[in-house]
>>> print(open('final_27.txt').read())   # compact mmCIF, C-alpha atoms
# COMPACT_ATOMS: atom_id res chain seq x y z
CA MET A 1 23.75 1.20 26.98
CA GLN A 2 21.98 2.55 30.04
CA LEU A 3 20.22 5.15 27.87
CA THR A 4 19.27 2.56 25.26
CA GLN A 5 17.78 0.38 27.97
CA GLU A 6 15.67 3.28 29.27
CA ILE A 7 14.43 4.14 25.78
CA PHE A 8 13.49 0.53 25.05
CA SER A 9 11.77 0.13 28.37
CA ASP A 10 9.67 3.20 27.54
CA THR A 11 8.84 2.42 23.92
CA LEU A 12 8.83 -1.34 23.36
CA PRO A 13 5.59 -2.88 24.65
CA PHE A 14 7.19 -6.32 24.84
CA TRP A 15 10.23 -5.18 26.84
CA ASP A 16 9.12 -6.45 30.24
CA ASN A 17 8.05 -9.80 28.80
CA ILE A 18 11.44 -10.89 27.50
CA GLU A 19 14.28 -12.41 29.47
CA GLU A 20 16.95 -10.11 30.86
CA ALA A 21 19.59 -11.89 28.78
CA ASP A 22 17.61 -11.06 25.65
CA GLN A 23 17.23 -7.45 26.73
CA HIS A 24 21.02 -7.36 26.87
CA ILE A 25 21.31 -8.91 23.41
CA LEU A 26 18.99 -6.26 22.01
CA CYS A 27 20.93 -3.43 23.68
CA SER A 28 24.34 -4.67 22.66
CA ASN A 29 23.17 -4.94 19.05
CA THR A 30 21.92 -1.38 19.03
CA VAL A 31 23.87 1.65 17.85
CA SER A 32 23.23 5.38 18.14
CA LYS A 33 23.62 7.31 14.92
CA SER A 34 23.38 10.97 13.92
CA PHE A 35 22.39 11.96 10.41
CA SER A 36 22.68 15.35 8.79
CA ALA A 37 19.84 16.93 6.84
CA GLY A 38 19.45 15.19 3.49
CA GLU A 39 21.63 12.22 4.39
CA ASN A 40 20.52 8.81 3.15
CA ILE A 41 19.82 6.31 5.93
CA HIS A 42 18.43 3.30 4.09
CA SER A 43 18.28 2.19 0.48
CA GLY A 44 15.93 -0.45 -0.86
CA GLY A 45 17.02 -4.08 -0.70
CA GLU A 46 19.50 -4.02 2.15
CA CYS A 47 18.50 -4.81 5.74
CA SER A 48 19.44 -1.72 7.70
CA GLY A 49 17.78 -2.85 10.91
CA VAL A 50 14.95 -1.45 12.97
CA ILE A 51 15.17 2.34 13.23
CA PHE A 52 13.89 4.37 16.18
CA VAL A 53 13.77 8.13 15.75
CA ARG A 54 15.06 10.07 18.77
CA SER A 55 15.04 13.56 17.25
CA GLY A 56 14.58 15.15 13.87
CA CYS A 57 12.50 13.78 11.01
CA LEU A 58 12.96 10.97 8.48
CA ARG A 59 11.25 10.72 5.11
CA VAL A 60 10.26 7.26 3.81
CA TYR A 61 9.71 7.15 0.06
CA ILE A 62 9.69 4.96 -3.02
CA LEU A 63 12.01 5.69 -5.90
CA SER A 64 11.62 4.78 -9.54
CA GLU A 65 14.40 3.89 -11.95
CA ASN A 66 14.19 7.31 -13.56
CA GLY A 67 14.51 9.17 -10.26
CA LYS A 68 10.86 10.00 -9.60
CA ASN A 69 9.90 9.61 -5.98
CA ILE A 70 6.79 9.61 -3.79
CA THR A 71 6.77 10.22 -0.06
CA LEU A 72 4.96 7.43 1.78
CA TYR A 73 5.15 8.94 5.27
CA ARG A 74 7.44 10.72 7.68
CA LEU A 75 8.85 9.44 10.95
CA PHE A 76 9.03 11.70 13.98
CA PRO A 77 10.59 11.29 17.44
CA GLY A 78 9.16 8.17 19.08
CA ASP A 79 8.35 6.51 15.75
CA MET A 80 9.82 3.19 14.68
CA CYS A 81 10.48 1.92 11.20
CA MET A 82 10.15 -1.77 10.31
CA LEU A 83 10.29 -1.36 6.52
CA SER A 84 14.04 -0.78 6.81
CA ALA A 85 14.40 -4.30 8.24
CA SER A 86 13.45 -6.51 5.31
CA CYS A 87 15.20 -9.46 6.96
CA VAL A 88 12.65 -9.34 9.79
CA LEU A 89 9.41 -9.24 7.77
CA GLU A 90 9.74 -11.59 4.84
CA SER A 91 6.28 -10.73 3.54
CA ILE A 92 7.47 -7.18 2.81
CA THR A 93 8.79 -7.57 -0.71
CA PHE A 94 9.04 -3.93 -1.76
CA ASP A 95 11.89 -1.49 -1.25
CA VAL A 96 11.72 1.89 0.36
CA THR A 97 14.35 4.60 0.70
CA ILE A 98 14.79 6.61 3.89
CA ASP A 99 16.51 9.99 4.21
CA ALA A 100 16.98 12.28 7.17
CA GLU A 101 14.87 15.30 6.28
CA GLU A 102 16.52 17.38 8.98
CA ALA A 103 19.42 16.67 11.35
CA SER A 104 18.23 13.54 13.14
CA GLU A 105 19.35 11.18 15.86
CA CYS A 106 18.33 7.55 15.71
CA ILE A 107 18.99 4.31 17.46
CA ILE A 108 19.17 1.30 15.22
CA ILE A 109 18.75 -2.33 16.25
CA GLY A 110 20.66 -4.78 14.06
CA GLY A 111 18.30 -6.78 11.83
CA ALA A 112 19.81 -10.20 12.59
CA ALA A 113 19.60 -9.84 16.37
CA TYR A 114 16.08 -8.43 16.22
CA ASN A 115 15.00 -11.18 13.86
CA ALA A 116 16.37 -13.93 16.11
CA LEU A 117 14.38 -12.55 19.04
CA SER A 118 11.23 -12.11 17.00
CA GLN A 119 11.45 -15.84 16.18
CA LYS A 120 11.68 -16.56 19.89
CA TYR A 121 8.96 -14.21 21.16
CA LYS A 122 5.52 -14.01 19.59
CA ASP A 123 5.00 -10.63 21.27
CA ILE A 124 7.90 -9.18 19.30
CA ARG A 125 6.55 -10.68 16.09
CA ILE A 126 3.11 -9.19 16.74
CA PHE A 127 4.60 -5.78 17.58
CA SER A 128 6.67 -5.78 14.37
CA LEU A 129 3.73 -6.80 12.19
CA GLU A 130 1.41 -4.27 13.81
CA THR A 131 3.94 -1.52 13.23
CA ALA A 132 4.15 -2.49 9.56
CA VAL A 133 0.37 -2.79 9.15
CA SER A 134 -0.24 0.65 10.62
CA ARG A 135 2.00 2.07 7.88
CA PHE A 136 -0.09 0.20 5.31
CA SER A 137 -2.91 2.59 6.23
CA ASP A 138 -0.65 5.64 5.76
CA VAL A 139 0.38 4.42 2.34
CA MET A 140 -3.22 3.81 1.27
CA TRP A 141 -4.02 7.36 2.29
CA VAL A 142 -1.22 8.74 0.12
CA MET A 143 -2.34 6.54 -2.75
CA GLN A 144 -5.91 7.81 -2.54
CA GLN A 145 -4.71 11.41 -2.38
CA ILE A 146 -2.65 10.98 -5.48
CA LEU A 147 -5.11 8.90 -7.45
CA PHE A 148 -8.49 10.32 -6.64
CA MET A 149 -8.44 13.89 -5.48
CA SER A 150 -8.03 16.07 -8.48
CA MET A 151 -4.91 17.68 -7.17
CA ASP A 152 -4.89 20.30 -9.90
CA ARG A 153 -8.21 21.62 -8.64
CA ARG A 154 -7.19 21.62 -4.99
CA LEU A 155 -3.95 23.41 -5.73
CA ALA A 156 -5.73 26.02 -7.90
CA VAL A 157 -8.31 26.64 -5.16
CA PHE A 158 -5.56 27.06 -2.60
CA LEU A 159 -3.54 29.52 -4.71
CA ILE A 160 -6.58 31.70 -5.49
CA ASP A 161 -7.78 31.68 -1.86
CA GLU A 162 -4.31 32.55 -0.66
CA ALA A 163 -3.98 35.42 -3.15
CA ALA A 164 -7.36 36.78 -1.99
CA ARG A 165 -6.42 36.42 1.67
CA THR A 166 -3.08 38.22 1.40
CA GLY A 167 -4.20 40.70 -1.29
CA SER A 168 -1.21 39.74 -3.43
CA ASP A 169 -0.70 37.51 -6.44
CA GLU A 170 2.62 36.43 -4.99
CA ILE A 171 2.36 33.42 -2.70
CA LEU A 172 5.47 33.30 -0.55
CA LEU A 173 5.34 29.69 0.54
CA THR A 174 7.54 26.71 -0.22
CA HIS A 175 6.16 23.70 -2.08
CA GLU A 176 6.55 21.80 1.14
CA GLN A 177 4.37 24.27 3.04
CA ILE A 178 1.71 24.23 0.33
CA ALA A 179 1.74 20.44 0.34
CA ARG A 180 1.07 20.51 4.06
CA TYR A 181 -1.81 22.98 3.63
CA ILE A 182 -3.58 20.93 1.00
CA GLY A 183 -2.77 17.59 2.56
CA SER A 184 -0.47 16.37 -0.17
CA ALA A 185 3.18 15.52 -0.68
CA ARG A 186 5.78 18.08 -1.76
CA GLU A 187 6.58 16.02 -4.84
CA VAL A 188 2.96 16.11 -5.95
CA VAL A 189 2.74 19.89 -5.50
CA SER A 190 6.01 20.44 -7.38
CA ARG A 191 4.85 18.23 -10.22
CA MET A 192 1.51 20.02 -10.44
CA LEU A 193 3.15 23.47 -10.29
CA LYS A 194 5.43 22.48 -13.15
CA TYR A 195 2.28 21.72 -15.12
CA PHE A 196 0.73 25.09 -14.14
CA VAL A 197 3.93 26.82 -15.34
CA SER A 198 3.82 24.98 -18.65
CA GLU A 199 0.21 26.16 -19.03
CA GLY A 200 1.27 29.78 -18.41
CA MET A 201 -0.82 30.12 -15.25
CA VAL A 202 1.95 30.73 -12.71
CA GLU A 203 5.65 31.51 -12.46
CA VAL A 204 7.76 29.69 -9.89
CA SER A 205 10.85 31.25 -8.33
CA ARG A 206 12.94 30.62 -5.26
CA LYS A 207 10.81 33.15 -3.37
CA GLY A 208 7.51 31.47 -4.13
CA ILE A 209 4.75 31.37 -6.71
CA ARG A 210 3.35 34.27 -8.74
CA ILE A 211 -0.07 33.93 -10.40
CA ILE A 212 0.14 35.35 -13.94
CA ASP A 213 -3.16 34.15 -15.46
CA LYS A 214 -5.78 34.16 -12.74
CA GLU A 215 -8.68 33.57 -15.10
CA LYS A 216 -7.18 30.36 -16.45
CA LEU A 217 -6.36 29.20 -12.92
CA ARG A 218 -9.89 30.05 -11.77
CA LYS A 219 -11.35 27.85 -14.52
CA LEU A 220 -9.60 24.87 -12.93
CA THR A 221 -11.48 25.47 -9.68
CA LEU A 222 -14.95 25.21 -11.23
CA MET E 1 -19.67 -28.10 9.15
CA GLN E 2 -17.63 -31.20 8.36
CA LEU E 3 -16.48 -29.59 5.12
CA THR E 4 -15.65 -26.30 6.84
CA GLN E 5 -13.57 -28.19 9.38
CA GLU E 6 -11.63 -29.93 6.62
CA ILE E 7 -11.00 -26.68 4.78
CA PHE E 8 -9.80 -24.93 7.93
CA SER E 9 -7.59 -27.83 8.87
CA ASP E 10 -5.95 -27.60 5.44
CA THR E 11 -5.57 -23.83 5.20
CA LEU E 12 -5.25 -22.32 8.68
CA PRO E 13 -1.71 -22.82 10.00
CA PHE E 14 -2.90 -22.28 13.59
CA TRP E 15 -5.73 -24.85 13.39
CA ASP E 16 -4.00 -27.67 15.27
CA ASN E 17 -2.81 -25.30 17.99
CA ILE E 18 -6.21 -24.16 19.19
CA GLU E 19 -8.58 -25.99 21.52
CA GLU E 20 -11.25 -28.19 20.02
CA ALA E 21 -13.96 -26.03 21.58
CA ASP E 22 -12.52 -23.02 19.77
CA GLN E 23 -12.38 -24.95 16.50
CA HIS E 24 -16.10 -25.51 16.96
CA ILE E 25 -16.72 -21.83 17.69
CA LEU E 26 -14.92 -20.92 14.48
CA CYS E 27 -16.89 -23.46 12.43
CA SER E 28 -20.27 -22.52 13.85
CA ASN E 29 -19.61 -18.85 13.08
CA THR E 30 -18.76 -19.63 9.49
CA VAL E 31 -21.16 -19.48 6.56
CA SER E 32 -20.88 -20.65 2.96
CA LYS E 33 -21.93 -18.10 0.38
CA SER E 34 -22.24 -18.08 -3.39
CA PHE E 35 -21.86 -14.86 -5.34
CA SER E 36 -22.75 -14.23 -8.94
CA ALA E 37 -20.40 -12.44 -11.32
CA GLY E 38 -20.32 -8.74 -10.54
CA GLU E 39 -22.00 -9.07 -7.15
CA ASN E 40 -20.72 -6.87 -4.35
CA ILE E 41 -19.36 -8.80 -1.36
CA HIS E 42 -17.96 -6.12 0.89
CA SER E 43 -18.20 -2.34 1.06
CA GLY E 44 -15.79 -0.11 2.96
CA GLY E 45 -16.49 0.60 6.60
CA GLU E 46 -18.51 -2.47 7.63
CA CYS E 47 -16.91 -5.60 9.09
CA SER E 48 -17.89 -8.40 6.73
CA GLY E 49 -15.67 -10.98 8.37
CA VAL E 50 -12.73 -13.00 7.13
CA ILE E 51 -13.32 -14.25 3.58
CA PHE E 52 -11.86 -17.46 2.16
CA VAL E 53 -12.19 -18.02 -1.57
CA ARG E 54 -13.23 -21.56 -2.51
CA SER E 55 -13.80 -21.00 -6.22
CA GLY E 56 -14.01 -18.10 -8.63
CA CYS E 57 -12.23 -14.78 -8.31
CA LEU E 58 -12.74 -11.67 -6.17
CA ARG E 59 -11.54 -8.17 -6.98
CA VAL E 60 -10.39 -5.93 -4.12
CA TYR E 61 -10.37 -2.23 -4.98
CA ILE E 62 -10.57 1.28 -3.65
CA LEU E 63 -13.31 3.62 -4.74
CA SER E 64 -13.39 7.40 -4.87
CA GLU E 65 -16.38 9.67 -4.31
CA ASN E 66 -16.73 10.26 -8.03
CA GLY E 67 -16.75 6.56 -8.87
CA LYS E 68 -13.16 6.16 -10.02
CA ASN E 69 -11.69 2.89 -8.82
CA ILE E 70 -8.33 1.15 -8.68
CA THR E 71 -7.83 -2.59 -8.37
CA LEU E 72 -5.49 -3.43 -5.49
CA TYR E 73 -5.35 -7.17 -6.06
CA ARG E 74 -7.45 -10.19 -6.88
CA LEU E 75 -8.19 -13.18 -4.67
CA PHE E 76 -8.16 -16.69 -6.07
CA PRO E 77 -9.17 -20.08 -4.63
CA GLY E 78 -7.21 -20.69 -1.44
CA ASP E 79 -6.69 -16.98 -0.77
CA MET E 80 -7.93 -15.27 2.35
CA CYS E 81 -8.95 -11.65 2.84
CA MET E 82 -8.36 -9.83 6.12
CA LEU E 83 -9.09 -6.31 4.82
CA SER E 84 -12.81 -7.16 4.86
CA ALA E 85 -12.57 -7.67 8.63
CA SER E 86 -11.82 -4.17 9.89
CA CYS E 87 -12.99 -5.19 13.38
CA VAL E 88 -10.09 -7.67 13.60
CA LEU E 89 -7.21 -5.40 12.60
CA GLU E 90 -7.72 -2.00 14.19
CA SER E 91 -4.59 -0.57 12.59
CA ILE E 92 -6.24 -0.92 9.16
CA THR E 93 -8.00 2.43 8.86
CA PHE E 94 -8.79 2.45 5.15
CA ASP E 95 -11.77 1.01 3.30
CA VAL E 96 -11.75 -1.40 0.41
CA THR E 97 -14.57 -2.72 -1.74
CA ILE E 98 -14.75 -6.36 -2.84
CA ASP E 99 -16.76 -7.74 -5.76
CA ALA E 100 -17.06 -11.24 -7.17
CA GLU E 101 -15.45 -10.94 -10.57
CA GLU E 102 -16.87 -14.26 -11.68
CA ALA E 103 -19.30 -16.63 -10.03
CA SER E 104 -17.55 -17.41 -6.75
CA GLU E 105 -17.99 -19.53 -3.67
CA CYS E 106 -16.62 -18.32 -0.38
CA ILE E 107 -16.69 -19.25 3.25
CA ILE E 108 -16.87 -16.32 5.61
CA ILE E 109 -15.92 -16.34 9.29
CA GLY E 110 -17.84 -13.81 11.37
CA GLY E 111 -15.63 -10.91 12.43
CA ALA E 112 -16.63 -10.93 16.11
CA ALA E 113 -15.92 -14.64 16.64
CA TYR E 114 -12.63 -14.46 14.75
CA ASN E 115 -11.62 -11.37 16.69
CA ALA E 116 -12.36 -12.98 20.05
CA LEU E 117 -10.15 -15.94 19.16
CA SER E 118 -7.38 -13.74 17.80
CA GLN E 119 -7.30 -12.02 21.21
CA LYS E 120 -6.93 -15.43 22.85
CA TYR E 121 -4.33 -16.98 20.51
CA LYS E 122 -1.19 -15.13 19.48
CA ASP E 123 -0.79 -17.55 16.55
CA ILE E 124 -4.08 -16.33 15.09
CA ARG E 125 -3.05 -12.70 15.58
CA ILE E 126 0.28 -13.37 13.82
CA PHE E 127 -1.43 -15.19 10.95
CA SER E 128 -3.92 -12.34 10.47
CA LEU E 129 -1.23 -9.65 10.54
CA GLU E 130 1.00 -11.61 8.18
CA THR E 131 -1.86 -12.01 5.72
CA ALA E 132 -2.48 -8.26 5.83
CA VAL E 133 1.21 -7.37 5.50
CA SER E 134 1.63 -9.60 2.45
CA ARG E 135 -1.15 -7.57 0.76
CA PHE E 136 0.74 -4.41 1.67
CA SER E 137 3.38 -5.61 -0.78
CA ASP E 138 0.76 -6.17 -3.50
CA VAL E 139 -0.59 -2.69 -3.01
CA MET E 140 2.87 -1.14 -3.17
CA TRP E 141 3.40 -2.95 -6.44
CA VAL E 142 0.17 -1.48 -7.86
CA MET E 143 1.14 1.97 -6.62
CA GLN E 144 4.51 1.78 -8.29
CA GLN E 145 2.88 0.56 -11.48
CA ILE E 146 0.50 3.49 -11.51
CA LEU E 147 2.91 6.18 -10.45
CA PHE E 148 6.06 5.26 -12.21
CA MET E 149 5.47 3.08 -15.22
CA SER E 150 4.67 4.47 -18.59
CA MET E 151 1.30 3.34 -19.91
CA ASP E 152 2.65 1.20 -22.76
CA ARG E 153 4.82 -0.73 -20.37
CA ARG E 154 1.99 -1.10 -17.86
CA LEU E 155 -0.38 -2.46 -20.49
CA ALA E 156 2.22 -4.87 -21.85
CA VAL E 157 2.96 -6.18 -18.34
CA PHE E 158 -0.76 -6.69 -17.74
CA LEU E 159 -1.35 -8.57 -20.99
CA ILE E 160 1.62 -10.88 -20.45
CA ASP E 161 0.70 -11.54 -16.80
CA GLU E 162 -2.89 -12.23 -17.77
CA ALA E 163 -1.85 -14.63 -20.55
CA ALA E 164 0.38 -16.47 -18.09
CA ARG E 165 -2.35 -16.60 -15.46
CA THR E 166 -5.03 -17.98 -17.77
CA GLY E 167 -2.69 -20.09 -19.88
CA SER E 168 -4.10 -18.53 -23.03
CA ASP E 169 -2.90 -15.82 -25.40
CA GLU E 170 -6.45 -14.64 -25.75
CA ILE E 171 -7.45 -12.06 -23.15
CA LEU E 172 -11.23 -11.97 -22.93
CA LEU E 173 -11.64 -8.61 -21.24
CA THR E 174 -13.08 -5.34 -22.43
CA HIS E 175 -10.93 -2.21 -22.71
CA GLU E 176 -12.94 -0.83 -19.81
CA GLN E 177 -12.04 -3.81 -17.62
CA ILE E 178 -8.38 -3.60 -18.56
CA ALA E 179 -8.38 0.13 -17.79
CA ARG E 180 -9.72 -0.63 -14.34
CA TYR E 181 -7.03 -3.23 -13.67
CA ILE E 182 -4.17 -0.99 -14.68
CA GLY E 183 -5.59 2.17 -13.14
CA SER E 184 -6.17 4.04 -16.36
CA ALA E 185 -9.02 5.26 -18.57
CA ARG E 186 -10.73 3.22 -21.31
CA GLU E 187 -9.75 5.77 -23.96
CA VAL E 188 -6.09 5.50 -23.00
CA VAL E 189 -6.18 1.70 -23.15
CA SER E 190 -7.98 1.71 -26.53
CA ARG E 191 -5.45 4.16 -27.96
CA MET E 192 -2.54 2.13 -26.65
CA LEU E 193 -4.01 -1.13 -27.98
CA LYS E 194 -4.37 0.50 -31.39
CA TYR E 195 -0.67 1.23 -31.21
CA PHE E 196 0.08 -2.38 -30.19
CA VAL E 197 -2.00 -3.56 -33.18
CA SER E 198 -0.11 -1.27 -35.53
CA GLU E 199 3.14 -2.72 -34.17
CA GLY E 200 1.89 -6.24 -34.87
CA MET E 201 1.95 -7.28 -31.22
CA VAL E 202 -1.76 -7.97 -30.69
CA GLU E 203 -5.03 -8.37 -32.55
CA VAL E 204 -8.17 -6.75 -31.21
CA SER E 205 -11.64 -8.18 -31.82
CA ARG E 206 -15.03 -7.79 -30.21
CA LYS E 207 -14.23 -10.84 -28.06
CA GLY E 208 -11.04 -9.44 -26.65
CA ILE E 209 -7.32 -9.22 -27.33
CA ARG E 210 -5.08 -11.90 -28.82
CA ILE E 211 -1.33 -11.68 -28.33
CA ILE E 212 0.38 -12.49 -31.63
CA ASP E 213 3.98 -11.42 -30.96
CA LYS E 214 4.74 -12.11 -27.34
CA GLU E 215 8.46 -11.50 -27.73
CA LYS E 216 7.94 -7.96 -28.99
CA LEU E 217 5.39 -7.31 -26.27
CA ARG E 218 7.75 -8.69 -23.67
CA LYS E 219 10.47 -6.28 -24.79
CA LEU E 220 8.21 -3.41 -23.74
CA THR E 221 8.08 -4.75 -20.22
CA LEU E 222 11.84 -4.65 -19.67
>>> encode(input="final_27.txt", output="structure tokens")
Amino acid sequence: MQLTQEIFSDTLPFWDNIEEADQHILCSNTVSKSFSAGENIHSGGECSGVIFVRSGCLRVYILSENGKNITLYRLFPGDMCMLSASCVLESITFDVTIDAEEASECIIIGGAAYNALSQKYKDIRIFSLETAVSRFSDVMWVMQQILFMSMDRRLAVFLIDEAARTGSDEILLTHEQIARYIGSAREVVSRMLKYFVSEGMVEVSRKGIRIIDKEKLRKLTL
Amino acid sequence: MQLTQEIFSDTLPFWDNIEEADQHILCSNTVSKSFSAGENIHSGGECSGVIFVRSGCLRVYILSENGKNITLYRLFPGDMCMLSASCVLESITFDVTIDAEEASECIIIGGAAYNALSQKYKDIRIFSLETAVSRFSDVMWVMQQILFMSMDRRLAVFLIDEAARTGSDEILLTHEQIARYIGSAREVVSRMLKYFVSEGMVEVSRKGIRIIDKEKLRKLTL
């Protein structure tokens, strides 16, 4: 409780502007939770509350009926997630899924208590909306990456550059690492590599990626 | 001025809660503008102000360097656009483009005046953020359409939505226009429409597309 109060006082810009009784309500409706790597934290539809990340990393993504998924953004220590609290923002009508990407510790404010206070205090409402809107920009960025940048070309350029740099046709990086290098999402890189494999340009193993038809790959970069 | 005041009083939920002097500031910083079909209204980066649609239809889209574009949503009479006022919402860091899709009349509040008042009144800030967040949901819907739905289903959903919107089974759009709405290429749309024709679901003429078996088309959307 004492710890929660300190965290809130540090991170919530409206903290000092709400009554002490309401600070207590917020704290007593807050729980600490630890998640192991890969554990699901929130599934679309439910109201899991407002999530603060204390340590670790959470992945926020959308999931299709047939299991495809796209990472929208990641949450790091100090970040807050409003999209998990659909009962607070009624204009958010889409569902996201949230997993712990590594072992993570979070504190979670119950949706009902938070919602009641956000009805009472305009500052809380503004803070919640601003948090959501800032994620709107992240999501637009992902959308533009996926839709507009010819990812096949960027990935081909990266693989050929990397082979030249290391003097080896074997690129010992994970899909996740490559995604980070080319400013994409792991899912996008994996999907594109699957396509490269089907075209006979690369082989993919647990160790990494091996270029087997450099000429064909090079043509993609032109 | 009198007309503007009446419109604002009808559409802005915060209108009665701001001082009369500020109502005047808002009105005197507002202009009426007519746009012809196809005319550009807003380009990414600039702050064009807050746009209210009085008549017609605006298309809000994102544009890539190589001219590809994806429709995010359309604005109809009564709708308001905050994404054209980047100086009001600093957490919006992406650019959209807005065109008049048909001859349209708008009233536009200058960004600086609106911004000054939204600093003064929390109700205005909340209204602006809520308007932006509700478009976040629209954009997520488009993203899911593009990323997850198969093209036949996407096209069927579009045709049925469009028929419902216009109250007519005749969709007077070119394949190119439809491709832009559903984030695809003209060739893909033409090929898919040919398939719909062969299945007896639609007829295609120079004028546009006529739905002839809505039940069969609807089955594709499930």
>>> atom_distance(input="final_27.txt", atom1="atom CA of A:Ile18", atom2="atom CA of A:Gln119")
12.4 Å
>>> closest_atom_pairs(input="final_27.txt", of="chain E", to="chain A", cutoff="6 Å", atoms="all atoms listed in the file", output="tab-separated table")
residue	atom	partner	partner_atom	distance
E:Ser64	CA	A:Phe148	CA	6.0
E:Ser91	CA	A:Ser134	CA	4.9
E:Ile92	CA	A:Ser137	CA	5.7
E:Thr93	CA	A:Ser137	CA	5.7
E:Phe94	CA	A:Ser137	CA	6.0
E:Ile126	CA	A:Ile126	CA	5.8
E:Leu129	CA	A:Leu129	CA	6.0
E:Val133	CA	A:Val133	CA	5.9
E:Ser134	CA	A:Ser91	CA	4.9
E:Phe136	CA	A:Phe136	CA	5.9
E:Ser137	CA	A:Ile92	CA	5.7
>>> atom_distance(input="final_27.txt", atom1="atom CA of E:Val204", atom2="atom CA of E:Leu217")
14.4 Å
>>> residues_around(input="final_27.txt", residues="A:Leu75", least_positions_apart="6", cutoff="9 Å", atoms="only C-alpha atoms", output="PyMOL selection string")
chain A and resi 52-53+56-60+81
>>> residues_around(input="final_27.txt", residues="E:Ser43", least_positions_apart="3", cutoff="7 Å", atoms="only C-alpha atoms", output="list in words")
Glu46, Val96, Thr97 and Ile98 of chain E
>>> closest_residue(input="final_27.txt", among="A:Ile108, A:Ile124, A:Leu83, A:Ile171", to="A:Lys207", atoms="only C-alpha atoms")
A:Ile171
>>> calpha_fit_rmsd(input="final_27.txt", fixed="chain A", moving="chain E")
6.3 Å
>>> residues_around(input="final_27.txt", residues="stretch 8-10 of chain A", least_positions_apart="5", cutoff="9 Å", atoms="all atoms listed in the file", output="PDB file with C-alpha atoms, in the frame of the given file")
ATOM      1  CA  LEU A   3      20.220   5.150  27.870  1.00  0.00           C
ATOM      2  CA  TRP A  15      10.230  -5.180  26.840  1.00  0.00           C
ATOM      3  CA  ASP A  16       9.120  -6.450  30.240  1.00  0.00           C
ATOM      4  CA  GLN A  23      17.230  -7.450  26.730  1.00  0.00           C
ATOM      5  CA  CYS A  27      20.930  -3.430  23.680  1.00  0.00           C
TER       6      CYS A  27
END
>>> atom_distance(input="final_27.txt", atom1="atom CA of A:Thr4", atom2="atom CA of A:Thr30")
7.8 Å
>>> residues_near_point(input="final_27.txt", point="(4.5, -9.3, -23.5)", cutoff="6 Å", atoms="all atoms listed in the file", output="PyMOL selection string")
chain E and resi 156+160+214+217-218
>>> closest_residue(input="final_27.txt", among="A:Val202, A:Met80, A:Ile178, A:Ala103", to="A:Gly38", atoms="all atoms listed in the file")
A:Ala103
>>> residues_around(input="final_27.txt", residues="E:Val88", least_positions_apart="3", cutoff="7 Å", atoms="only C-alpha atoms", output="list of chain:residue names")
E:Ala85, E:Gly111, E:Asn115
>>> residues_around(input="final_27.txt", residues="A:Ser34", least_positions_apart="3", cutoff="10 Å", atoms="only C-alpha atoms", output="PyMOL selection string")
chain A and resi 37+39+41+54-56+100+103-107
>>> closest_residue(input="final_27.txt", among="A:Cys87, A:Leu117, A:Leu155, A:Cys47", to="A:Ile182", atoms="all atoms listed in the file")
A:Leu155
>>> closest_residue(input="final_27.txt", among="A:Leu72, A:Gly44, A:Ala113, A:Asn17", to="A:Ser86", atoms="all atoms listed in the file")
A:Gly44
>>> closest_residue(input="final_27.txt", among="E:Ile109, E:Leu12, E:Val197, E:Leu159", to="E:Tyr181", atoms="only C-alpha atoms")
E:Leu159
>>> build_atoms(input="final_27.txt", residues="stretch 56-65 of chain A", atoms="N, CA and C atoms", output="PDB file, keeping the file's coordinate frame")
ATOM      1  N   GLY A  56      14.527  14.852  15.288  1.00  0.00           N
ATOM      2  CA  GLY A  56      14.580  15.150  13.870  1.00  0.00           C
ATOM      3  C   GLY A  56      13.391  14.573  13.128  1.00  0.00           C
ATOM      4  N   CYS A  57      13.595  14.270  11.848  1.00  0.00           N
ATOM      5  CA  CYS A  57      12.500  13.780  11.010  1.00  0.00           C
ATOM      6  C   CYS A  57      13.059  12.986   9.839  1.00  0.00           C
ATOM      7  N   LEU A  58      12.528  11.796   9.620  1.00  0.00           N
ATOM      8  CA  LEU A  58      12.960  10.970   8.480  1.00  0.00           C
ATOM      9  C   LEU A  58      11.842  10.917   7.443  1.00  0.00           C
ATOM     10  N   ARG A  59      12.245  10.859   6.178  1.00  0.00           N
ATOM     11  CA  ARG A  59      11.250  10.720   5.110  1.00  0.00           C
ATOM     12  C   ARG A  59      11.383   9.338   4.492  1.00  0.00           C
ATOM     13  N   VAL A  60      10.285   8.600   4.404  1.00  0.00           N
ATOM     14  CA  VAL A  60      10.260   7.260   3.810  1.00  0.00           C
ATOM     15  C   VAL A  60       9.587   7.379   2.454  1.00  0.00           C
ATOM     16  N   TYR A  61      10.271   6.963   1.391  1.00  0.00           N
ATOM     17  CA  TYR A  61       9.710   7.150   0.060  1.00  0.00           C
ATOM     18  C   TYR A  61      10.067   6.004  -0.869  1.00  0.00           C
ATOM     19  N   ILE A  62       9.335   5.913  -1.986  1.00  0.00           N
ATOM     20  CA  ILE A  62       9.690   4.960  -3.020  1.00  0.00           C
ATOM     21  C   ILE A  62      10.289   5.726  -4.186  1.00  0.00           C
ATOM     22  N   LEU A  63      11.172   5.061  -4.888  1.00  0.00           N
ATOM     23  CA  LEU A  63      12.010   5.690  -5.900  1.00  0.00           C
ATOM     24  C   LEU A  63      11.899   4.851  -7.170  1.00  0.00           C
ATOM     25  N   SER A  64      11.676   5.524  -8.292  1.00  0.00           N
ATOM     26  CA  SER A  64      11.620   4.780  -9.540  1.00  0.00           C
ATOM     27  C   SER A  64      12.990   4.791 -10.212  1.00  0.00           C
ATOM     28  N   GLU A  65      13.126   3.964 -11.243  1.00  0.00           N
ATOM     29  CA  GLU A  65      14.400   3.890 -11.950  1.00  0.00           C
ATOM     30  C   GLU A  65      14.823   5.237 -12.519  1.00  0.00           C
TER      31      GLU A  65
END
